[in-house]
Structure formats: C-alpha cells, structure tokens
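J.: Okay, so here is query_18.cif, and as you'll see once you scroll down, it has mmCIF, C-alpha atoms.
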data_query
loop_
_atom_site.group_PDB
_atom_site.id
_atom_site.type_symbol
_atom_site.label_atom_id
_atom_site.label_comp_id
_atom_site.auth_asym_id
_atom_site.auth_seq_id
_atom_site.Cartn_x
_atom_site.Cartn_y
_atom_site.Cartn_z
ATOM 1 C CA GLN A 688 -37.543 95.092 -111.850
ATOM 2 C CA VAL A 689 -34.394 94.678 -109.830
ATOM 3 C CA GLN A 690 -31.124 93.260 -111.088
ATOM 4 C CA LEU A 691 -28.774 91.896 -108.459
ATOM 5 C CA VAL A 692 -25.094 91.099 -108.836
ATOM 6 C CA GLU A 693 -23.271 89.202 -106.101
ATOM 7 C CA SER A 694 -19.549 89.111 -105.532
ATOM 8 C CA GLY A 695 -17.059 88.142 -102.867
ATOM 9 C CA GLY A 696 -17.352 84.389 -102.774
ATOM 10 C CA GLY A 697 -14.367 82.097 -102.865
ATOM 11 C CA LEU A 698 -12.370 79.435 -101.086
ATOM 12 C CA VAL A 699 -11.485 79.965 -97.451
ATOM 13 C CA GLN A 700 -10.169 77.787 -94.661
ATOM 14 C CA SER A 701 -12.294 76.825 -91.706
ATOM 15 C CA GLY A 702 -12.361 79.684 -89.218
ATOM 16 C CA GLY A 703 -11.788 82.274 -91.898
ATOM 17 C CA SER A 704 -13.937 85.171 -93.069
ATOM 18 C CA LEU A 705 -15.520 86.410 -96.262
ATOM 19 C CA ARG A 706 -17.616 89.411 -97.137
ATOM 20 C CA LEU A 707 -20.236 89.038 -99.835
ATOM 21 C CA SER A 708 -21.602 92.017 -101.709
ATOM 22 C CA CYS A 709 -24.859 92.406 -103.591
ATOM 23 C CA ALA A 710 -25.194 95.392 -105.894
ATOM 24 C CA ALA A 711 -28.745 96.334 -106.857
ATOM 25 C CA SER A 712 -29.875 98.124 -110.003
ATOM 26 C CA ARG A 713 -32.190 100.470 -108.114
ATOM 27 C CA ALA A 714 -32.169 102.365 -104.871
ATOM 28 C CA ILE A 715 -32.280 99.801 -102.098
ATOM 29 C CA PHE A 716 -34.152 102.111 -99.734
ATOM 30 C CA SER A 717 -37.140 101.519 -102.034
ATOM 31 C CA ILE A 718 -36.871 97.744 -101.639
ATOM 32 C CA SER A 719 -38.913 96.343 -98.775
ATOM 33 C CA ALA A 720 -36.456 93.604 -97.898
ATOM 34 C CA MET A 721 -33.146 92.288 -99.079
ATOM 35 C CA GLY A 722 -31.640 89.056 -97.962
ATOM 36 C CA TRP A 723 -29.042 86.388 -98.415
ATOM 37 C CA TYR A 724 -29.947 82.779 -98.999
ATOM 38 C CA ARG A 725 -27.795 79.763 -99.601
ATOM 39 C CA GLN A 726 -28.129 76.403 -101.256
ATOM 40 C CA ALA A 727 -25.820 73.473 -100.735
ATOM 41 C CA PRO A 728 -25.759 70.537 -103.182
ATOM 42 C CA GLY A 729 -28.832 68.369 -102.754
ATOM 43 C CA MET A 730 -30.344 70.763 -100.247
ATOM 44 C CA GLN A 731 -33.124 73.305 -100.370
ATOM 45 C CA ARG A 732 -32.372 76.975 -100.525
ATOM 46 C CA GLU A 733 -32.443 78.471 -97.043
ATOM 47 C CA LEU A 734 -32.506 81.924 -95.545
ATOM 48 C CA VAL A 735 -29.255 83.182 -94.077
ATOM 49 C CA ALA A 736 -30.091 86.774 -93.161
ATOM 50 C CA ILE A 737 -32.497 89.512 -94.162
ATOM 51 C CA ILE A 738 -32.552 93.263 -93.730
ATOM 52 C CA PHE A 739 -35.729 95.279 -94.047
ATOM 53 C CA SER A 740 -36.155 98.783 -95.386
ATOM 54 C CA GLY A 741 -36.538 100.098 -91.838
ATOM 55 C CA GLY A 742 -33.189 98.609 -90.898
ATOM 56 C CA SER A 743 -34.301 95.663 -88.810
ATOM 57 C CA THR A 744 -32.619 92.334 -89.430
ATOM 58 C CA ASN A 745 -33.297 88.638 -88.976
ATOM 59 C CA TYR A 746 -30.842 85.770 -88.995
ATOM 60 C CA ALA A 747 -31.056 82.034 -89.290
ATOM 61 C CA ASP A 748 -29.965 80.313 -86.114
ATOM 62 C CA PHE A 749 -26.769 79.040 -87.721
ATOM 63 C CA ALA A 750 -25.848 82.593 -88.708
ATOM 64 C CA LYS A 751 -26.403 84.291 -85.366
ATOM 65 C CA GLY A 752 -23.181 85.483 -83.818
ATOM 66 C CA ARG A 753 -21.103 84.689 -86.908
ATOM 67 C CA PHE A 754 -22.715 86.514 -89.821
ATOM 68 C CA SER A 755 -23.764 90.131 -90.144
ATOM 69 C CA ILE A 756 -25.951 91.710 -92.824
ATOM 70 C CA SER A 757 -25.663 95.395 -93.580
ATOM 71 C CA ARG A 758 -26.381 97.839 -96.351
ATOM 72 C CA ASP A 759 -24.996 100.984 -97.901
ATOM 73 C CA ASN A 760 -27.846 102.982 -99.411
ATOM 74 C CA ALA A 761 -25.455 105.330 -101.189
ATOM 75 C CA LYS A 762 -23.934 102.381 -103.066
ATOM 76 C CA ASN A 763 -27.190 100.421 -103.423
ATOM 77 C CA THR A 764 -25.315 97.485 -101.972
ATOM 78 C CA VAL A 765 -26.064 94.921 -99.301
ATOM 79 C CA TYR A 766 -23.286 93.017 -97.580
ATOM 80 C CA LEU A 767 -22.970 89.765 -95.718
ATOM 81 C CA GLN A 768 -19.967 89.571 -93.426
ATOM 82 C CA MET A 769 -19.264 85.957 -92.575
ATOM 83 C CA ASN A 770 -16.849 85.096 -89.776
ATOM 84 C CA SER A 771 -15.787 81.838 -88.159
ATOM 85 C CA LEU A 772 -16.726 79.953 -91.299
ATOM 86 C CA LYS A 773 -17.255 76.222 -91.125
ATOM 87 C CA PRO A 774 -17.164 73.535 -93.827
ATOM 88 C CA GLU A 775 -20.944 73.224 -93.504
ATOM 89 C CA ASP A 776 -21.248 76.826 -94.678
ATOM 90 C CA THR A 777 -20.160 75.668 -98.118
ATOM 91 C CA ALA A 778 -22.907 76.592 -100.580
ATOM 92 C CA VAL A 779 -23.927 78.925 -103.350
ATOM 93 C CA TYR A 780 -25.035 82.173 -101.749
ATOM 94 C CA TYR A 781 -27.804 84.142 -103.424
ATOM 95 C CA CYS A 782 -28.931 87.694 -102.941
ATOM 96 C CA ASN A 783 -32.676 88.330 -102.873
ATOM 97 C CA ALA A 784 -34.780 91.456 -103.151
ATOM 98 C CA ARG A 785 -38.478 91.682 -102.352
ATOM 99 C CA TYR A 786 -39.862 94.524 -104.432
ATOM 100 C CA TRP A 787 -43.556 95.236 -104.879
ATOM 101 C CA GLY A 788 -44.386 91.675 -103.878
ATOM 102 C CA PHE A 789 -41.993 90.046 -106.334
ATOM 103 C CA ASP A 790 -38.804 88.186 -105.542
ATOM 104 C CA TYR A 791 -35.670 88.924 -107.517
ATOM 105 C CA TRP A 792 -32.508 86.831 -107.363
ATOM 106 C CA GLY A 793 -28.896 87.254 -108.241
ATOM 107 C CA GLN A 794 -26.880 84.634 -110.071
ATOM 108 C CA GLY A 795 -25.244 83.364 -106.893
ATOM 109 C CA THR A 796 -21.683 83.245 -105.648
ATOM 110 C CA GLN A 797 -19.905 80.102 -104.519
ATOM 111 C CA VAL A 798 -18.519 79.916 -101.007
ATOM 112 C CA THR A 799 -16.309 76.940 -100.211
ATOM 113 C CA VAL A 800 -14.913 76.374 -96.744
ATOM 114 C CA SER A 801 -12.144 73.814 -96.451
ATOM 115 C CA SER A 802 -11.476 71.885 -93.263
#
Write the structure described by the file as structure tokens, please.

T.:
Amino acid sequence: QVQLVESGGGLVQSGGSLRLSCAASRAIFSISAMGWYRQAPGMQRELVAIIFSGGSTNYADFAKGRFSISRDNAKNTVYLQMNSLKPEDTAVYYCNARYWGFDYWGQGTQVTVSS
C-alpha cells in the first residue's frame, strides 16, 4: 500500500503561483507512476501531470507551459509547481500513485484562484 499526503493548496490571485507537495509512505522510486489530478465542482477528475519512475513526464494541454511536476526521491515527495494560475484552475488537487497495478489517492488539497 501507499499512503499519500498532499499539502500546499490555498487561495491565490489570478497570475499567482503555488507549489503542491505529495509525501508518499514508501520510496517513490519503486512506484511506477505518480501524478496530480484535479476535480472542480460538478466536473470529472482529470489528469494534470504525471511523472514516471524513469523520469519522463506528461502534461495535460492546459498545464503545458504553466505547471511543472518534479520529484525528490530522498524525501519521497512529488511536487507540482503551478504558475500563471487562472480562476479556471480552481479545484481540489489530488495526488495519485500507481503501484503494482493499483491506484492510491491522497485526500486532496483545495486550490482556489480568485480573479
């Protein structure tokens, strides 16, 4: 199993930045993929960014050029740096880990971008 704890959400003005953190309960180099997803009210959960164990990354189109996913293996932590935030980025952001074919989720952290 993998426990995930997110932090770093909050209220920010449009154009501002936030960095989300996701601390994992086991060594993240052993996890095949870790990602960030988000869910706005009344919307489906959607992928924001993902980083694979080999280091490659994928981003949703809306995240390209503004968001950056990274990891620190020594701290078992994955980060999501979000810049140039827009009101439409407002959502609960969830950390995900794909481990031995199972998906594990954190509790989510609220990001609110005011206009």

J.: Given the file above and the PyMOL selection byres ((chain A and resi 716-722) around 7), which residues are selected, and can you give them as a ChimeraX atom specification?

T.: /A:714-715,723-724,736-740,760,782-786

J.: Grab the atom CA of Leu734 of chain A to atom CA of Tyr746 of chain A distance for me, in Å with one decimal place.

T.: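 Straight-line distance from atom CA of Leu734 of chain A to atom CA of Tyr746 of chain A works out to 7.8 Å.
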
J.: Which of these, A:Asn763, A:Gln768, A:Ser801, A:Gln794, has the shortest distance to Ser701 of chain A once you count only C-alpha atoms?

T.: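 Among the listed residues, A:Ser801 lies closest to Ser701 of chain A.
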
J.: Which protein, DNA or RNA residues have an atom at most 10 Å from (-16.9, 76.1, -93.7), counting all atoms listed in the file? List them as a list in words.

T.: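 So the residues meeting the distance criterion are Leu698, Val699, Gln700, Ser701, Gly702, Gly703, Ser704, Asn770, Ser771, Leu772, Lys773, Pro774, Glu775, Asp776, Thr777, Ala778, Val798, Thr799, Val800, Ser801 and Ser802 of chain A.
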
J.: What does the file look like for those residues with C-alpha atoms, as a PDB file, keeping the file's coordinate frame?

T.:
ATOM      1  CA  LEU A 698     -12.370  79.435-101.086  1.00  0.00           C
ATOM      2  CA  VAL A 699     -11.485  79.965 -97.451  1.00  0.00           C
ATOM      3  CA  GLN A 700     -10.169  77.787 -94.661  1.00  0.00           C
ATOM      4  CA  SER A 701     -12.294  76.825 -91.706  1.00  0.00           C
ATOM      5  CA  GLY A 702     -12.361  79.684 -89.218  1.00  0.00           C
ATOM      6  CA  GLY A 703     -11.788  82.274 -91.898  1.00  0.00           C
ATOM      7  CA  SER A 704     -13.937  85.171 -93.069  1.00  0.00           C
ATOM      8  CA  ASN A 770     -16.849  85.096 -89.776  1.00  0.00           C
ATOM      9  CA  SER A 771     -15.787  81.838 -88.159  1.00  0.00           C
ATOM     10  CA  LEU A 772     -16.726  79.953 -91.299  1.00  0.00           C
ATOM     11  CA  LYS A 773     -17.255  76.222 -91.125  1.00  0.00           C
ATOM     12  CA  PRO A 774     -17.164  73.535 -93.827  1.00  0.00           C
ATOM     13  CA  GLU A 775     -20.944  73.224 -93.504  1.00  0.00           C
ATOM     14  CA  ASP A 776     -21.248  76.826 -94.678  1.00  0.00           C
ATOM     15  CA  THR A 777     -20.160  75.668 -98.118  1.00  0.00           C
ATOM     16  CA  ALA A 778     -22.907  76.592-100.580  1.00  0.00           C
ATOM     17  CA  VAL A 798     -18.519  79.916-101.007  1.00  0.00           C
ATOM     18  CA  THR A 799     -16.309  76.940-100.211  1.00  0.00           C
ATOM     19  CA  VAL A 800     -14.913  76.374 -96.744  1.00  0.00           C
ATOM     20  CA  SER A 801     -12.144  73.814 -96.451  1.00  0.00           C
ATOM     21  CA  SER A 802     -11.476  71.885 -93.263  1.00  0.00           C
TER      22      SER A 802
END

J.: Quick one: residues within 10 Å of Gln690 of chain A, all atoms listed in the file counted, chain neighbours fewer than 3 positions away excluded, as number ranges by chain?

T.: A: 709-713, 783-784, 791-794
